[in-house]
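Have a look at the structure below, then the notes.
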Amino acid sequence: HFGPTTAQNTYVIAQALRKYLKPGDEIIVTNQDHEANVGSWRRLEVEGFVIRDWQINPETAELEPAGLDKLLNERTGAVAFTHCSNIVGSVHPVRELTDKIHAAGALAIVDGVSYAGHGLPDVEALGADIYLFSLYKVYGPHLGVMVMRKAVNEQLPCQGHFFNVDH
């Protein structure tokens with residue numbers, strides 16, 4: 001899917017999840033992410049969704065998988081995290097994280113904006129349900145790209161024109 005920006009694509013997915021999940025469900029975000037991968041999720045708090053923060057280790061500025069383990073539970077509906085930090089440059093073990101997220105029954109939403117310019121991500125191998133990046137990071141136009149697993153795309157409510165609902 002193409003959209004005007006990665007931030008806008010994230011907003012569209014957040015709106016779809018607003019109808020897919022139910023109030024009280026939890027969405028995990030990190031404090032190592034860009035605003036584009038956090039702000040749209042935080043806006044859902046006013047509708048009763050619980051936003052939980054996967055905090056970096058303050059001594060290393062790294063996200064540690066054990067920190068995610070402490071947050072995942074039966075109410076977790078989605079986890080949004082970055083493939084590569086644009087702050088400290090660390091590349092996260094995406095497959096390890098998506099496996100944990102799926103084991104908890106949640107969706108794995110990966111912000112690849114800071115990674116895609118350094119290597120072509122194999123979304124299938126990474127296990128991401130939704131993978132987002134920006135074409136301008138790879139010398140393309142200022143558009144956002146969102147890759148979704150077909151099954152996830154079919155489950156989420158349509159956010160486009162009404163005549164596309166069944167397509």
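By order of appearance in the structure tokens: chains A, B, ..., then residues from 1 within every chain, and ligands from 1 in the order shown.
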Original post:
Which polymer residues have any atom within 12 Å of an atom of segment 97-99 of chain A, counting only C-alpha atoms, with same-chain residues fewer than 6 positions away left out, as a PyMOL selection string?
Top reply: chain A and resi 63-69+72+78-83+91+105-110+123-131
Subject >> Residue set, segment 80-156 of chain A restricted to strand (DSSP E), as a VMD selection string >> reply: chain A and resid 80 to 82 107 to 111 130 to 134 144 to 148
Subject >> Nearby residues (only C-alpha atoms) at most 6 Å from Thr30 of chain A, same-chain spacing under 2 positions excluded, as a list in words >> reply: Gln32, Asp33, Asp53, Trp54 and Gln55 of chain A
Can you spit out the residues from that selection as a CSV table (one decimal), in the first residue's frame, using N, CA, C and O atoms?
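And here is the file that came out, again32.csv:
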chain,number,residue,atom,x,y,z
A,32,GLN,N,12.0,4.5,22.1
A,32,GLN,CA,13.1,4.7,21.2
A,32,GLN,C,12.7,5.0,19.7
A,32,GLN,O,13.5,5.2,18.9
A,33,ASP,N,11.4,5.1,19.6
A,33,ASP,CA,10.8,5.2,18.2
A,33,ASP,C,10.6,6.7,17.8
A,33,ASP,O,10.5,7.6,18.7
A,53,ASP,N,4.4,1.4,27.5
A,53,ASP,CA,5.7,1.8,27.0
A,53,ASP,C,6.8,0.7,27.3
A,53,ASP,O,7.1,0.3,28.4
A,54,TRP,N,7.4,0.2,26.2
A,54,TRP,CA,8.6,-0.6,26.2
A,54,TRP,C,9.8,0.3,26.3
A,54,TRP,O,10.1,1.0,25.3
A,55,GLN,N,10.3,0.5,27.5
A,55,GLN,CA,11.4,1.5,27.8
A,55,GLN,C,12.8,0.9,27.4
A,55,GLN,O,13.1,-0.2,27.6
**OP:** Find the residue from A:Tyr139, A:Thr6, A:Pro23, A:Asn31 that sits nearest to Pro58 of chain A; use only C-alpha atoms when measuring.
**Re:**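 Distance minimum relative to Pro58 of chain A lands on A:Asn31.
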Subject >> Exercise: Tyr115 of chain A partners within 12 Å, only C-alpha atoms, chain neighbours under 6 positions left out, as an MDAnalysis selection string >> reply: chainID A and resid 82:86 89:92 94 121:122 131:135 137:138
Export N, CA, C and O atoms of the chosen residues as a compact mmCIF listing (two decimals), in the first residue's frame?
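Saved file selection-v5.txt follows:
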# COMPACT_ATOMS: atom_id res chain seq x y z
N THR A 82 10.55 -0.18 16.16
CA THR A 82 11.39 0.16 15.03
C THR A 82 12.36 -0.97 14.69
O THR A 82 12.86 -1.66 15.59
N HIS A 83 12.62 -1.15 13.41
CA HIS A 83 13.59 -2.14 12.95
C HIS A 83 15.01 -1.67 13.30
O HIS A 83 15.83 -2.45 13.75
N CYS A 84 15.24 -0.38 13.13
CA CYS A 84 16.55 0.21 13.39
C CYS A 84 16.33 1.58 14.02
O CYS A 84 15.61 2.40 13.46
N SER A 85 16.95 1.82 15.12
CA SER A 85 16.79 3.11 15.80
C SER A 85 17.45 4.24 15.02
O SER A 85 18.61 4.14 14.64
N ASN A 86 16.70 5.32 14.80
CA ASN A 86 17.31 6.49 14.16
C ASN A 86 18.01 7.37 15.19
O ASN A 86 18.56 8.39 14.85
N GLY A 89 21.12 3.98 16.35
CA GLY A 89 21.59 3.17 15.24
C GLY A 89 21.53 1.67 15.43
O GLY A 89 21.97 0.92 14.56
N SER A 90 20.98 1.21 16.54
CA SER A 90 20.95 -0.23 16.76
C SER A 90 19.90 -0.89 15.88
O SER A 90 18.82 -0.36 15.65
N VAL A 91 20.24 -2.08 15.37
CA VAL A 91 19.32 -2.88 14.57
C VAL A 91 18.74 -3.94 15.48
O VAL A 91 19.49 -4.70 16.12
N HIS A 92 17.44 -3.98 15.57
CA HIS A 92 16.78 -4.90 16.50
C HIS A 92 16.59 -6.28 15.89
O HIS A 92 16.46 -6.41 14.67
N VAL A 94 14.45 -8.39 14.79
CA VAL A 94 13.03 -8.33 14.46
C VAL A 94 12.36 -9.69 14.52
O VAL A 94 11.28 -9.83 15.10
N PRO A 121 14.64 -5.05 3.19
CA PRO A 121 14.10 -5.94 4.22
C PRO A 121 13.27 -7.07 3.61
O PRO A 121 12.50 -6.85 2.69
N ASP A 122 13.47 -8.28 4.11
CA ASP A 122 12.67 -9.43 3.72
C ASP A 122 11.54 -9.52 4.74
O ASP A 122 11.69 -10.12 5.80
N TYR A 131 4.77 -3.77 7.84
CA TYR A 131 6.10 -3.18 7.77
C TYR A 131 5.98 -1.87 7.01
O TYR A 131 5.42 -1.83 5.92
N LEU A 132 6.47 -0.79 7.61
CA LEU A 132 6.34 0.54 7.04
C LEU A 132 7.70 1.15 6.74
O LEU A 132 8.64 0.96 7.51
N PHE A 133 7.78 1.88 5.62
CA PHE A 133 8.99 2.65 5.35
C PHE A 133 8.66 3.78 4.38
O PHE A 133 7.55 3.87 3.87
N SER A 134 9.62 4.64 4.15
CA SER A 134 9.43 5.82 3.31
C SER A 134 10.33 5.73 2.09
O SER A 134 11.53 5.50 2.21
N LEU A 135 9.73 5.93 0.91
CA LEU A 135 10.49 5.81 -0.34
C LEU A 135 11.59 6.85 -0.47
O LEU A 135 12.62 6.60 -1.08
N LYS A 137 13.66 7.71 1.57
CA LYS A 137 14.88 7.23 2.22
C LYS A 137 15.73 6.40 1.26
O LYS A 137 16.89 6.12 1.54
N VAL A 138 15.13 5.97 0.16
CA VAL A 138 15.86 5.20 -0.85
C VAL A 138 15.77 5.93 -2.19
O VAL A 138 15.63 5.32 -3.24
Original post:
Looking at A:Ala116, A:Ile28, A:Val12, A:Val38, which one is nearest to Leu71 of chain A, with distances taken over only C-alpha atoms?
Top reply: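 Smallest separation from Leu71 of chain A among the options: A:Ile28.
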Original post:
Which neighbours of Ala104 of chain A fall inside 9 Å, counting only C-alpha atoms, when residues of the same chain fewer than 3 positions from it are skipped, and could you give them as a PyMOL selection string?
Top reply: chain A and resi 72-77+99-101+107
How would the residues just chosen look if you wrote them out with all heavy atoms as a short mmCIF file (atom, residue, chain, number, x, y, z; two decimals), in the first residue's frame?
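Ended up saving to part_8.cif:
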data_model
loop_
_atom_site.label_atom_id
_atom_site.label_comp_id
_atom_site.auth_asym_id
_atom_site.auth_seq_id
_atom_site.Cartn_x
_atom_site.Cartn_y
_atom_site.Cartn_z
N LEU A 72 4.17 -8.11 27.50
CA LEU A 72 3.23 -8.93 26.74
C LEU A 72 2.29 -9.69 27.65
O LEU A 72 2.71 -10.26 28.66
CB LEU A 72 3.99 -9.92 25.86
CG LEU A 72 4.76 -9.34 24.69
CD1 LEU A 72 5.67 -10.40 24.07
CD2 LEU A 72 3.82 -8.76 23.64
N ASN A 73 1.01 -9.68 27.31
CA ASN A 73 0.02 -10.45 28.07
C ASN A 73 -1.18 -10.73 27.17
O ASN A 73 -1.18 -10.37 25.99
CB ASN A 73 -0.38 -9.71 29.35
CG ASN A 73 -1.07 -8.39 29.06
OD1 ASN A 73 -2.15 -8.37 28.48
ND2 ASN A 73 -0.45 -7.28 29.47
N GLU A 74 -2.21 -11.37 27.73
CA GLU A 74 -3.38 -11.76 26.94
C GLU A 74 -4.18 -10.58 26.40
O GLU A 74 -4.99 -10.73 25.49
CB GLU A 74 -4.29 -12.69 27.76
CG GLU A 74 -4.97 -12.03 28.95
CD GLU A 74 -4.07 -11.85 30.17
OE1 GLU A 74 -2.98 -12.43 30.22
OE2 GLU A 74 -4.48 -11.10 31.08
N ARG A 75 -3.95 -9.38 26.92
CA ARG A 75 -4.66 -8.18 26.42
C ARG A 75 -3.88 -7.45 25.34
O ARG A 75 -4.39 -6.50 24.76
CB ARG A 75 -4.96 -7.23 27.58
CG ARG A 75 -5.98 -7.78 28.57
CD ARG A 75 -6.27 -6.77 29.65
NE ARG A 75 -5.02 -6.18 30.13
CZ ARG A 75 -4.61 -6.18 31.38
NH1 ARG A 75 -5.35 -6.70 32.32
NH2 ARG A 75 -3.47 -5.63 31.72
N THR A 76 -2.64 -7.87 25.08
CA THR A 76 -1.84 -7.20 24.06
C THR A 76 -2.45 -7.46 22.68
O THR A 76 -2.59 -8.61 22.26
CB THR A 76 -0.38 -7.69 24.08
OG1 THR A 76 0.15 -7.54 25.40
CG2 THR A 76 0.47 -6.90 23.09
N GLY A 77 -2.77 -6.38 21.98
CA GLY A 77 -3.33 -6.50 20.64
C GLY A 77 -2.32 -6.21 19.55
O GLY A 77 -2.41 -6.76 18.45
N ASP A 99 8.31 -13.16 16.74
CA ASP A 99 7.92 -14.48 17.24
C ASP A 99 7.31 -14.36 18.64
O ASP A 99 6.30 -15.00 18.95
CB ASP A 99 9.11 -15.44 17.27
CG ASP A 99 9.50 -15.93 15.87
OD1 ASP A 99 8.73 -15.73 14.91
OD2 ASP A 99 10.61 -16.50 15.75
N LYS A 100 7.91 -13.55 19.51
CA LYS A 100 7.37 -13.32 20.87
C LYS A 100 5.99 -12.67 20.80
O LYS A 100 5.07 -13.03 21.52
CB LYS A 100 8.29 -12.41 21.68
CG LYS A 100 9.60 -13.00 22.11
CD LYS A 100 10.46 -11.93 22.78
CE LYS A 100 11.82 -12.43 23.13
NZ LYS A 100 11.89 -13.00 24.45
N ILE A 101 5.88 -11.68 19.92
CA ILE A 101 4.62 -10.94 19.78
C ILE A 101 3.51 -11.87 19.29
O ILE A 101 2.41 -11.87 19.83
CB ILE A 101 4.84 -9.74 18.84
CG1 ILE A 101 5.78 -8.73 19.50
CG2 ILE A 101 3.51 -9.09 18.45
CD1 ILE A 101 6.39 -7.70 18.56
N LEU A 107 -0.39 -8.47 17.00
CA LEU A 107 0.15 -8.06 15.71
C LEU A 107 1.50 -7.38 15.91
O LEU A 107 1.67 -6.60 16.84
CB LEU A 107 -0.79 -7.08 15.01
CG LEU A 107 -2.15 -7.61 14.59
CD1 LEU A 107 -3.02 -6.48 14.06
CD2 LEU A 107 -1.99 -8.71 13.54
#
